[in-house]
$ cat work_38.csv   # CSV, C-alpha atoms
chain,number,residue,atom,x,y,z
A,1,ILE,CA,0.0,0.0,0.0
A,2,VAL,CA,1.3,3.4,-1.0
A,3,LEU,CA,0.3,6.3,1.3
A,4,LEU,CA,0.3,9.9,0.0
A,5,HIS,CA,-0.1,12.7,2.6
A,6,GLY,CA,-1.7,16.1,2.4
A,7,PRO,CA,-0.3,19.6,1.8
A,8,GLY,CA,2.2,20.9,4.3
A,9,GLU,CA,2.4,17.4,5.9
A,10,PHE,CA,5.1,14.7,5.7
A,11,ALA,CA,5.2,10.9,5.7
A,12,ALA,CA,5.8,10.5,9.5
A,13,LEU,CA,2.3,11.7,10.1
A,14,TRP,CA,1.1,8.2,9.0
A,15,ALA,CA,2.8,6.9,12.2
A,16,ARG,CA,-0.5,6.3,13.9
A,17,VAL,CA,-1.8,3.9,11.2
A,18,ILE,CA,1.4,2.3,9.9
A,19,PRO,CA,1.9,-0.2,12.8
A,20,ASP,CA,-1.5,-1.8,12.0
A,21,LEU,CA,-1.0,-1.7,8.2
A,22,VAL,CA,2.4,-3.4,8.3
A,23,LYS,CA,0.7,-6.5,9.9
A,24,THR,CA,-0.9,-7.2,6.5
A,25,HIS,CA,0.8,-5.0,3.9
A,26,ARG,CA,4.1,-3.8,2.7
A,27,VAL,CA,3.9,0.0,3.3
A,28,VAL,CA,5.5,2.7,1.2
A,29,ALA,CA,5.1,6.2,2.7
A,30,PRO,CA,7.0,8.9,0.8
A,31,ASP,CA,7.3,12.6,1.4
A,32,LEU,CA,5.6,14.3,-1.5
A,33,PRO,CA,7.9,16.5,-3.7
A,34,GLY,CA,8.9,19.6,-1.9
A,35,HIS,CA,7.7,18.2,1.4
A,36,GLY,CA,9.6,16.7,4.4
A,37,ALA,CA,12.9,15.3,3.2
A,38,SER,CA,12.0,15.4,-0.5
A,39,GLY,CA,13.5,18.4,-2.2
A,40,LEU,CA,12.1,20.3,-5.2
A,41,PRO,CA,13.2,19.0,-8.7
A,42,ASP,CA,15.2,21.3,-11.0
A,43,GLY,CA,12.8,23.2,-13.1
A,44,ARG,CA,9.0,23.6,-12.7
A,45,LEU,CA,7.1,21.2,-10.4
A,46,ASP,CA,4.0,20.7,-12.4
A,47,GLY,CA,1.3,18.0,-12.5
A,48,ASP,CA,2.9,15.9,-15.1
A,49,ARG,CA,6.2,15.7,-13.2
A,50,VAL,CA,4.4,14.8,-10.0
A,51,LEU,CA,2.5,12.0,-11.7
A,52,MET,CA,5.8,10.8,-13.3
A,53,TRP,CA,7.4,10.8,-9.9
A,54,LEU,CA,4.5,8.6,-8.5
A,55,ARG,CA,4.8,6.2,-11.4
A,56,GLU,CA,8.5,5.8,-10.9
A,57,LEU,CA,8.0,5.4,-7.1
A,58,ILE,CA,5.5,2.6,-7.7
A,59,GLU,CA,7.8,0.9,-10.3
A,60,ARG,CA,10.8,0.9,-7.9
A,61,THR,CA,9.1,0.0,-4.7
A,62,CYS,CA,6.1,-2.2,-5.5
A,63,PRO,CA,6.6,-5.7,-7.0
A,64,SER,CA,2.9,-5.9,-7.8
A,65,PRO,CA,0.1,-3.3,-8.3
A,66,PRO,CA,-0.4,-1.6,-4.9
A,67,ALA,CA,-3.4,-0.1,-3.2
A,68,LEU,CA,-2.9,3.7,-3.5
A,69,LEU,CA,-4.3,5.8,-0.6
A,70,GLY,CA,-4.3,9.6,-0.7
A,71,HIS,CA,-5.3,12.3,1.8
A,72,LEU,CA,-6.3,15.8,0.6
A,73,LEU,CA,-3.6,16.8,-1.9
A,74,GLY,CA,-2.3,13.2,-2.0
A,75,GLY,CA,-5.9,12.1,-2.8
A,76,ALA,CA,-6.1,14.4,-5.8
A,77,ILE,CA,-2.7,13.1,-7.0
A,78,ALA,CA,-3.8,9.5,-6.5
A,79,ALA,CA,-7.1,10.0,-8.4
A,80,ARG,CA,-5.4,11.7,-11.3
A,81,PHE,CA,-2.8,8.9,-11.4
A,82,ALA,CA,-5.5,6.2,-11.3
A,83,SER,CA,-7.5,7.7,-14.2
A,84,ASP,CA,-4.6,6.9,-16.5
A,85,HIS,CA,-3.0,3.9,-14.8
A,86,ASN,CA,-5.6,1.4,-13.8
A,87,ASP,CA,-3.3,-1.4,-14.7
A,88,ARG,CA,-0.7,-0.2,-12.2
A,89,LEU,CA,-3.1,-0.3,-9.1
A,90,SER,CA,-5.1,-2.9,-7.3
A,91,GLU,CA,-7.4,-0.4,-5.5
A,92,LEU,CA,-7.8,3.3,-4.7
A,93,VAL,CA,-8.6,4.9,-1.3
A,94,LEU,CA,-9.4,8.7,-1.2
A,95,VAL,CA,-9.5,10.4,2.2
A,96,ASP,CA,-11.1,13.9,2.3
A,97,THR,CA,-9.5,14.3,-1.1
A,98,PHE,CA,-9.2,17.4,-3.3
A,99,GLY,CA,-10.1,17.3,-6.9
A,100,LEU,CA,-13.5,15.6,-6.9
A,101,GLY,CA,-15.1,19.0,-7.3
A,102,TRP,CA,-14.2,22.7,-6.9
A,103,ASN,CA,-12.8,23.2,-3.4
A,104,ARG,CA,-14.3,26.0,-1.3
A,105,PRO,CA,-13.2,25.5,2.3
A,106,ALA,CA,-15.2,27.1,5.1
A,107,LEU,CA,-14.1,30.6,6.0
A,108,ARG,CA,-13.2,29.6,9.6
A,109,PHE,CA,-10.8,27.2,8.1
A,110,ALA,CA,-9.4,29.4,5.4
A,111,LEU,CA,-8.6,32.4,7.6
A,112,PRO,CA,-6.4,30.5,10.0
A,113,LEU,CA,-4.7,28.8,7.1
A,114,VAL,CA,-3.9,32.1,5.4
A,115,ALA,CA,-2.6,33.5,8.7
A,116,TYR,CA,-0.3,30.4,9.2
A,117,ILE,CA,1.1,30.6,5.7
A,118,ALA,CA,1.8,34.3,6.0
A,119,HIS,CA,3.2,34.2,9.5
A,120,PRO,CA,4.2,30.7,10.7
A,121,THR,CA,4.4,30.8,14.5
A,122,GLU,CA,3.4,28.3,17.2
A,123,ARG,CA,0.2,30.4,17.8
A,124,THR,CA,-0.9,30.5,14.1
A,125,ARG,CA,0.0,26.9,13.7
A,126,ASP,CA,-2.1,25.7,16.6
A,127,ARG,CA,-5.0,28.0,15.6
A,128,PHE,CA,-4.9,26.4,12.1
A,129,LEU,CA,-4.5,22.8,13.4
A,130,ALA,CA,-7.5,23.3,15.7
A,131,GLN,CA,-9.6,23.7,12.5
A,132,CYS,CA,-8.1,20.6,10.9
A,133,PHE,CA,-9.2,18.1,13.6
A,134,SER,CA,-12.5,17.6,15.3
A,135,ASP,CA,-10.7,17.2,18.6
A,136,PHE,CA,-7.3,18.8,18.4
A,137,ASP,CA,-6.8,18.9,22.2
A,138,GLY,CA,-7.6,15.2,22.4
A,139,LEU,CA,-5.2,14.4,19.6
A,140,ARG,CA,-2.5,16.5,21.2
A,141,ASP,CA,-3.0,14.6,24.5
A,142,GLU,CA,-3.0,11.3,22.7
A,143,LEU,CA,0.3,12.1,21.0
A,144,GLY,CA,1.8,13.3,24.3
A,145,GLU,CA,5.6,13.9,24.0
A,146,ARG,CA,5.4,13.1,20.2
A,147,PHE,CA,3.4,16.2,19.5
A,148,GLU,CA,6.2,18.7,20.0
A,149,PRO,CA,8.7,17.1,17.6
A,150,PHE,CA,5.9,16.9,14.9
A,151,GLY,CA,4.8,20.4,15.6
A,152,ASP,CA,8.3,21.9,15.6
A,153,TYR,CA,9.1,20.1,12.3
A,154,SER,CA,6.0,21.3,10.7
A,155,LEU,CA,6.7,24.9,11.8
A,156,ALA,CA,10.3,24.7,10.6
A,157,TRP,CA,9.2,23.4,7.2
A,158,ALA,CA,6.5,26.1,6.8
A,159,ARG,CA,9.2,28.8,7.2
A,160,THR,CA,11.3,27.6,4.3
A,161,LYS,CA,11.3,28.8,0.7
A,162,THR,CA,10.8,25.2,-0.4
A,163,ALA,CA,7.4,25.1,1.4
A,164,LYS,CA,6.1,28.1,-0.3
A,165,ALA,CA,7.4,27.0,-3.7
A,166,ALA,CA,5.9,23.5,-3.3
A,167,LEU,CA,2.5,24.8,-2.2
A,168,ARG,CA,2.5,27.4,-4.9
A,169,SER,CA,3.1,24.7,-7.5
A,170,LEU,CA,1.0,21.9,-6.3
A,171,MET,CA,-2.2,23.6,-4.8
A,172,PRO,CA,-3.4,25.3,-8.0
A,173,GLU,CA,-2.8,22.0,-10.0
A,174,PHE,CA,-4.3,19.6,-7.5
A,175,GLY,CA,-5.7,21.5,-4.6
A,176,THR,CA,-8.4,23.7,-6.1
A,177,ARG,CA,-9.0,22.5,-9.6
A,178,ALA,CA,-11.6,19.9,-10.2
A,179,ILE,CA,-10.6,16.7,-12.0
A,180,PRO,CA,-12.8,16.5,-15.2
A,181,GLN,CA,-15.6,14.0,-14.8
A,182,ALA,CA,-14.5,12.2,-18.0
A,183,ASP,CA,-11.1,11.6,-16.3
A,184,LEU,CA,-12.7,10.3,-13.1
A,185,ALA,CA,-14.9,8.0,-15.2
A,186,ARG,CA,-11.8,6.2,-16.4
A,187,ILE,CA,-11.0,5.0,-12.9
A,188,GLU,CA,-11.8,1.3,-13.0
A,189,VAL,CA,-10.1,-0.1,-9.9
A,190,PRO,CA,-12.2,-0.6,-6.8
A,191,THR,CA,-12.4,2.8,-5.1
A,192,THR,CA,-13.3,3.8,-1.5
A,193,LEU,CA,-14.1,7.3,-0.3
A,194,ILE,CA,-13.5,8.2,3.4
A,195,HIS,CA,-14.8,11.6,4.4
A,196,GLY,CA,-15.5,13.6,7.5
A,197,ARG,CA,-19.1,14.9,7.8
A,198,HIS,CA,-17.8,18.0,9.6
A,199,ASP,CA,-14.7,18.5,7.5
A,200,LEU,CA,-14.1,22.3,7.0
A,201,GLN,CA,-11.4,21.9,4.4
A,202,THR,CA,-13.0,19.6,1.9
A,203,ARG,CA,-16.8,19.7,2.3
A,204,LEU,CA,-18.8,16.5,2.4
A,205,SER,CA,-20.7,17.7,-0.6
A,206,VAL,CA,-17.5,17.3,-2.6
A,207,ALA,CA,-17.4,13.5,-1.9
A,208,GLU,CA,-21.1,13.1,-2.4
$ encode --input "work_38.csv" --output "structure tokens"
Amino acid sequence: IVLLHGPGEFAALWARVIPDLVKTHRVVAPDLPGHGASGLPDGRLDGDRVLMWLRELIERTCPSPPALLGHLLGGAIAARFASDHNDRLSELVLVDTFGLGWNRPALRFALPLVAYIAHPTERTRDRFLAQCFSDFDGLRDELGERFEPFGDYSLAWARTKTAKAALRSLMPEFGTRAIPQADLARIEVPTTLIHGRHDLQTRLSVAE
């Protein structure tokens, strides 16, 4: 199974689910281009290059067609890939994914997001994350000592030029633009949609 994370995230955020997945699957969890430990390629990072990166990743790490799971931005990349490469996948799982329709996040999500991008601080980060999770305080308590390293790493990345360049390249391509219905109709592998009813970033109506 190949796990593709969301915008501004990194592969280690799958740490809560990987221990269960590895009991039954071989797991590949990369950092998306421009995220985490993955740098930006020379030249423009556009949709075609991202899809070529994913194709090469699967070819080099998966001896058989994998299940491809994408979250938010990763979901849009996964759906776009699946529309042209049914033969390279066994199934598709889309979690709160972008690209199934025009994305208009709730205002109380969008404002903290803009504030965090413009001025990444612990305060703006936590105000933004509080809109990303239905129970941010509970999640923080559950992670305990692990939260601070994740939070610090996210904040350090958000302050880099790489972060702004990656988001500036990927979000218009995959984050807001709807995938044409004709392209979605070409997806033939079994597909599962997982979506939060109270999601402020990708409304439930998008999945419906």
$ residues_around --input "work_38.csv" --residues "A:Gly8" --least-positions-apart "2" --cutoff "10 Å" --atoms "all atoms listed in the file" --output "ChimeraX atom specification"
/A:5-6,10,32,34-36,73,117,154-155,157-158,163-164,166-167
$ closest_residue --input "work_38.csv" --among "A:Ala115, A:Val27, A:Ile194, A:Leu184" --to "A:Ser83" --atoms "only C-alpha atoms"
A:Leu184
$ residues_near_point --input "work_38.csv" --point "(-16.0, 22.1, 11.2)" --cutoff "8 Å" --atoms "all atoms listed in the file" --output "list in words"
Ala106, Phe109, Gln131, Ser134, His198, Asp199 and Leu200 of chain A
$ write_last_selection --input "work_38.csv" --atoms "C-alpha atoms" --output "JSON list (two decimals), keeping the file's coordinate frame"
[["chain", "number", "residue", "atom", "x", "y", "z"],
["A", 106, "ALA", "CA", -15.20, 27.10, 5.10],
["A", 109, "PHE", "CA", -10.80, 27.20, 8.10],
["A", 131, "GLN", "CA", -9.60, 23.70, 12.50],
["A", 134, "SER", "CA", -12.50, 17.60, 15.30],
["A", 198, "HIS", "CA", -17.80, 18.00, 9.60],
["A", 199, "ASP", "CA", -14.70, 18.50, 7.50],
["A", 200, "LEU", "CA", -14.10, 22.30, 7.00]]
$ residues_around --input "work_38.csv" --residues "A:Asp84" --least-positions-apart "6" --cutoff "12 Å" --atoms "only C-alpha atoms" --output "number ranges by chain"
A: 48, 51-52, 55, 77-78, 182-189
$ atom_distance --input "work_38.csv" --atom1 "atom CA of A:Asp20" --atom2 "atom CA of A:Gly74"
20.5 Å
$ closest_residue --input "work_38.csv" --among "A:Leu40, A:Val2, A:Leu68, A:Val114" --to "A:Ala82" --atoms "only C-alpha atoms"
A:Leu68
$ closest_residue --input "work_38.csv" --among "A:Pro105, A:Gly196, A:Pro33, A:Gly39" --to "A:Leu54" --atoms "all atoms listed in the file"
A:Pro33
$ residues_around --input "work_38.csv" --residues "A:Arg125" --least-positions-apart "2" --cutoff "10 Å" --atoms "only C-alpha atoms" --output "list in words"
Pro112, Leu113, Ala115, Tyr116, Ile117, His119, Pro120, Thr121, Glu122, Arg123, Arg127, Phe128, Leu129, Ala130, Gly151, Asp152, Ser154, Leu155 and Ala158 of chain A
$ closest_residue --input "work_38.csv" --among "A:Phe81, A:Leu204, A:Glu9, A:Thr176" --to "A:Ala156" --atoms "only C-alpha atoms"
A:Glu9
$ closest_residue --input "work_38.csv" --among "A:Cys132, A:Asn86, A:Ala12, A:Gln181" --to "A:Ala110" --atoms "only C-alpha atoms"
A:Cys132
$ atom_distance --input "work_38.csv" --atom1 "atom CA of A:Val22" --atom2 "atom CA of A:Leu94"
19.4 Å
$ atom_distance --input "work_38.csv" --atom1 "atom CA of A:Ala207" --atom2 "atom CA of A:Leu72"
11.6 Å
$ closest_residue --input "work_38.csv" --among "A:Ala29, A:Leu4, A:Leu107, A:Val17" --to "A:Gly70" --atoms "all atoms listed in the file"
A:Leu4
$ residues_around --input "work_38.csv" --residues "A:Gly47" --least-positions-apart "4" --cutoff "8 Å" --atoms "all atoms listed in the file" --output "CSV table (one decimal) with C-alpha atoms, keeping the file's coordinate frame"
chain,number,residue,atom,x,y,z
A,51,LEU,CA,2.5,12.0,-11.7
A,170,LEU,CA,1.0,21.9,-6.3
A,173,GLU,CA,-2.8,22.0,-10.0
A,174,PHE,CA,-4.3,19.6,-7.5
$ residues_around --input "work_38.csv" --residues "A:Val206" --least-positions-apart "5" --cutoff "8 Å" --atoms "only C-alpha atoms" --output "list in words"
Leu100, Gly101, Trp102 and Asn103 of chain A
